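Shown next: data-v6.cif, given as mmCIF, C-alpha atoms; chains and numbers go by the auth columns.
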data_entry
#
loop_
_atom_site.group_PDB
_atom_site.id
_atom_site.type_symbol
_atom_site.label_atom_id
_atom_site.label_comp_id
_atom_site.label_asym_id
_atom_site.label_seq_id
_atom_site.Cartn_x
_atom_site.Cartn_y
_atom_site.Cartn_z
_atom_site.B_iso_or_equiv
_atom_site.auth_seq_id
_atom_site.auth_asym_id
ATOM 1 C CA MET A 1 121.525 112.261 133.508 0.00 1 A
ATOM 2 C CA THR A 2 120.227 114.023 130.399 0.00 2 A
ATOM 3 C CA LEU A 3 118.353 112.223 127.660 0.00 3 A
ATOM 4 C CA ARG A 4 121.373 112.495 125.382 0.00 4 A
ATOM 5 C CA GLN A 5 123.620 110.932 128.020 0.00 5 A
ATOM 6 C CA GLU A 6 121.069 108.190 128.578 0.00 6 A
ATOM 7 C CA ALA A 7 120.961 107.477 124.833 0.00 7 A
ATOM 8 C CA TYR A 8 124.767 107.302 124.666 0.00 8 A
ATOM 9 C CA ALA A 9 124.790 104.930 127.647 0.00 9 A
ATOM 10 C CA MET A 10 122.219 102.693 125.949 0.00 10 A
ATOM 11 C CA ILE A 11 124.274 102.612 122.728 0.00 11 A
ATOM 12 C CA ASP A 12 127.418 101.823 124.719 0.00 12 A
ATOM 13 C CA SER A 13 125.646 98.931 126.431 0.00 13 A
ATOM 14 C CA LEU A 14 124.718 97.232 123.142 0.00 14 A
ATOM 15 C CA PRO A 15 126.629 93.956 122.831 0.00 15 A
ATOM 16 C CA ASP A 16 127.964 94.121 119.257 0.00 16 A
ATOM 17 C CA ASP A 17 128.178 96.150 116.034 0.00 17 A
ATOM 18 C CA ASP A 18 125.145 94.398 114.557 0.00 18 A
ATOM 19 C CA SER A 19 123.023 95.676 117.434 0.00 19 A
ATOM 20 C CA ILE A 20 124.335 99.203 116.903 0.00 20 A
ATOM 21 C CA LYS A 21 123.611 98.990 113.152 0.00 21 A
ATOM 22 C CA PHE A 22 120.078 97.788 113.935 0.00 22 A
ATOM 23 C CA PHE A 23 119.601 100.667 116.391 0.00 23 A
ATOM 24 C CA ILE A 24 120.838 103.230 113.846 0.00 24 A
ATOM 25 C CA ASP A 25 118.553 101.755 111.179 0.00 25 A
ATOM 26 C CA MET A 26 115.559 102.077 113.519 0.00 26 A
ATOM 27 C CA ILE A 27 116.393 105.740 114.174 0.00 27 A
ATOM 28 C CA ARG A 28 116.681 106.427 110.428 0.00 28 A
ATOM 29 C CA ARG A 29 113.311 104.782 109.770 0.00 29 A
ATOM 30 C CA PHE A 30 111.741 106.764 112.585 0.00 30 A
ATOM 31 C CA ASN A 31 113.102 110.009 111.091 0.00 31 A
ATOM 32 C CA VAL A 32 111.660 109.143 107.667 0.00 32 A
ATOM 33 C CA VAL A 33 108.236 108.402 109.158 0.00 33 A
ATOM 34 C CA THR A 34 108.363 111.627 111.184 0.00 34 A
ATOM 35 C CA ARG A 35 109.225 113.701 108.100 0.00 35 A
ATOM 36 C CA LYS A 36 106.432 112.087 106.074 0.00 36 A
ATOM 37 C CA THR A 37 103.950 112.760 108.869 0.00 37 A
ATOM 38 C CA GLU A 38 105.025 116.419 108.979 0.00 38 A
ATOM 39 C CA GLU A 39 104.683 116.702 105.189 0.00 39 A
ATOM 40 C CA ILE A 40 101.183 115.226 105.293 0.00 40 A
ATOM 41 C CA SER A 41 100.067 117.558 108.075 0.00 41 A
ATOM 42 C CA GLY A 42 101.585 120.510 106.184 0.00 42 A
ATOM 43 C CA LYS A 43 99.640 119.538 103.059 0.00 43 A
ATOM 44 C CA GLN A 44 96.435 119.264 105.074 0.00 44 A
ATOM 45 C CA ASN A 45 96.992 122.751 106.487 0.00 45 A
ATOM 46 C CA SER A 46 97.551 124.225 103.041 0.00 46 A
ATOM 47 C CA LEU A 47 94.479 122.396 101.744 0.00 47 A
ATOM 48 C CA SER A 48 92.368 123.773 104.540 0.00 48 A
ATOM 49 C CA GLU A 49 93.649 127.290 103.737 0.00 49 A
ATOM 50 C CA LYS A 50 92.771 126.749 100.066 0.00 50 A
ATOM 51 C CA ARG A 51 89.378 125.409 101.068 0.00 51 A
ATOM 52 C CA GLN A 52 88.723 128.475 103.228 0.00 52 A
ATOM 53 C CA ALA A 53 89.743 130.772 100.360 0.00 53 A
ATOM 54 C CA PHE A 54 87.420 128.905 97.999 0.00 54 A
ATOM 55 C CA LEU A 55 84.519 129.128 100.433 0.00 55 A
ATOM 56 C CA HIS A 56 85.190 132.857 100.834 0.00 56 A
ATOM 57 C CA MET A 57 85.056 133.285 97.039 0.00 57 A
ATOM 58 C CA GLU A 58 81.780 131.372 96.885 0.00 58 A
ATOM 59 C CA GLU A 59 80.338 133.549 99.634 0.00 59 A
ATOM 60 C CA MET A 60 81.383 136.718 97.795 0.00 60 A
ATOM 61 C CA LYS A 61 79.877 135.349 94.581 0.00 61 A
ATOM 62 C CA ARG A 62 76.527 134.814 96.347 0.00 62 A
ATOM 63 C CA LYS A 63 76.717 138.186 98.070 0.00 63 A
ATOM 64 C CA TYR A 64 77.620 140.199 94.949 0.00 64 A
ATOM 65 C CA PRO A 65 76.333 138.307 91.892 0.00 65 A
ATOM 66 C CA PHE A 66 76.977 139.482 88.323 0.00 66 A
ATOM 67 C CA PRO A 67 73.980 141.029 86.591 0.00 67 A
ATOM 68 C CA LYS A 68 72.031 138.662 84.327 0.00 68 A
ATOM 69 C CA ASP A 69 72.845 140.712 81.216 0.00 69 A
ATOM 70 C CA TYR A 70 76.595 140.884 81.916 0.00 70 A
ATOM 71 C CA GLY A 71 78.463 140.471 78.609 0.00 71 A
ATOM 72 C CA TYR A 72 81.473 138.302 79.483 0.00 72 A
ATOM 73 C CA GLU A 73 82.551 138.007 75.865 0.00 73 A
ATOM 74 C CA GLN A 74 82.328 141.753 75.250 0.00 74 A
ATOM 75 C CA VAL A 75 84.390 142.515 78.370 0.00 75 A
ATOM 76 C CA ARG A 76 86.997 139.972 77.256 0.00 76 A
ATOM 77 C CA LYS A 77 87.227 141.490 73.772 0.00 77 A
ATOM 78 C CA GLU A 78 87.623 144.992 75.184 0.00 78 A
ATOM 79 C CA ALA A 79 90.350 143.835 77.563 0.00 79 A
ATOM 80 C CA MET A 80 92.189 142.081 74.703 0.00 80 A
ATOM 81 C CA ARG A 81 91.994 145.209 72.518 0.00 81 A
ATOM 82 C CA GLU A 82 93.212 147.373 75.403 0.00 82 A
ATOM 83 C CA LYS A 83 96.133 145.080 76.167 0.00 83 A
ATOM 84 C CA TYR A 84 97.186 143.855 72.707 0.00 84 A
ATOM 85 C CA GLY A 85 95.619 146.296 70.258 0.00 85 A
ATOM 86 C CA CYS A 86 93.565 145.005 67.339 0.00 86 A
ATOM 87 C CA VAL A 87 92.931 141.334 68.185 0.00 87 A
ATOM 88 C CA ASP A 88 89.717 139.510 67.247 0.00 88 A
#
Transcribe the structure of this file into structure tokens.
Amino acid sequence: MTLRQEAYAMIDSLPDDDSIKFFIDMIRRFNVVTRKTEEISGKQNSLSEKRQAFLHMEEMKRKYPFPKDYGYEQVRKEAMREKYGCVD
């Protein structure tokens, strides 16, 4: 007997409609809990990927630091002029 056949046999052996409704409700609740658990584990995986990417960026920042006299503002202004023209 397969699992599906066993499940059908169990449902058929329930005494009344109330028992069947209760059984169906339990299955629905189980499915909701299962989906939520999968969503949580999926979020944890994506967070760990983001965490790894962040740690890689931090490592690269330590490995190849910007020079002390790097002019962030000047580079930004030049990029704005190049992209948009005369913007101050």
Interatomic distance, CA of Gln5 in chain A to CA of Asp25 in chain A (Å, one decimal):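 Straight-line distance from CA of Gln5 in chain A to CA of Asp25 in chain A works out to 19.8 Å.
Taking CA of Ala7 in chain A as the reference point, CA of Ser19 in chain A is found at 14.1 Å.
Coordinates place CA of Leu55 in chain A at a distance of 25.3 Å from CA of Gly71 in chain A.
Among the candidates A:Lys68, A:Phe23, A:Ser46, A:Thr37, the one nearest to Met10 in chain A when counting only C-alpha atoms is A:Phe23.
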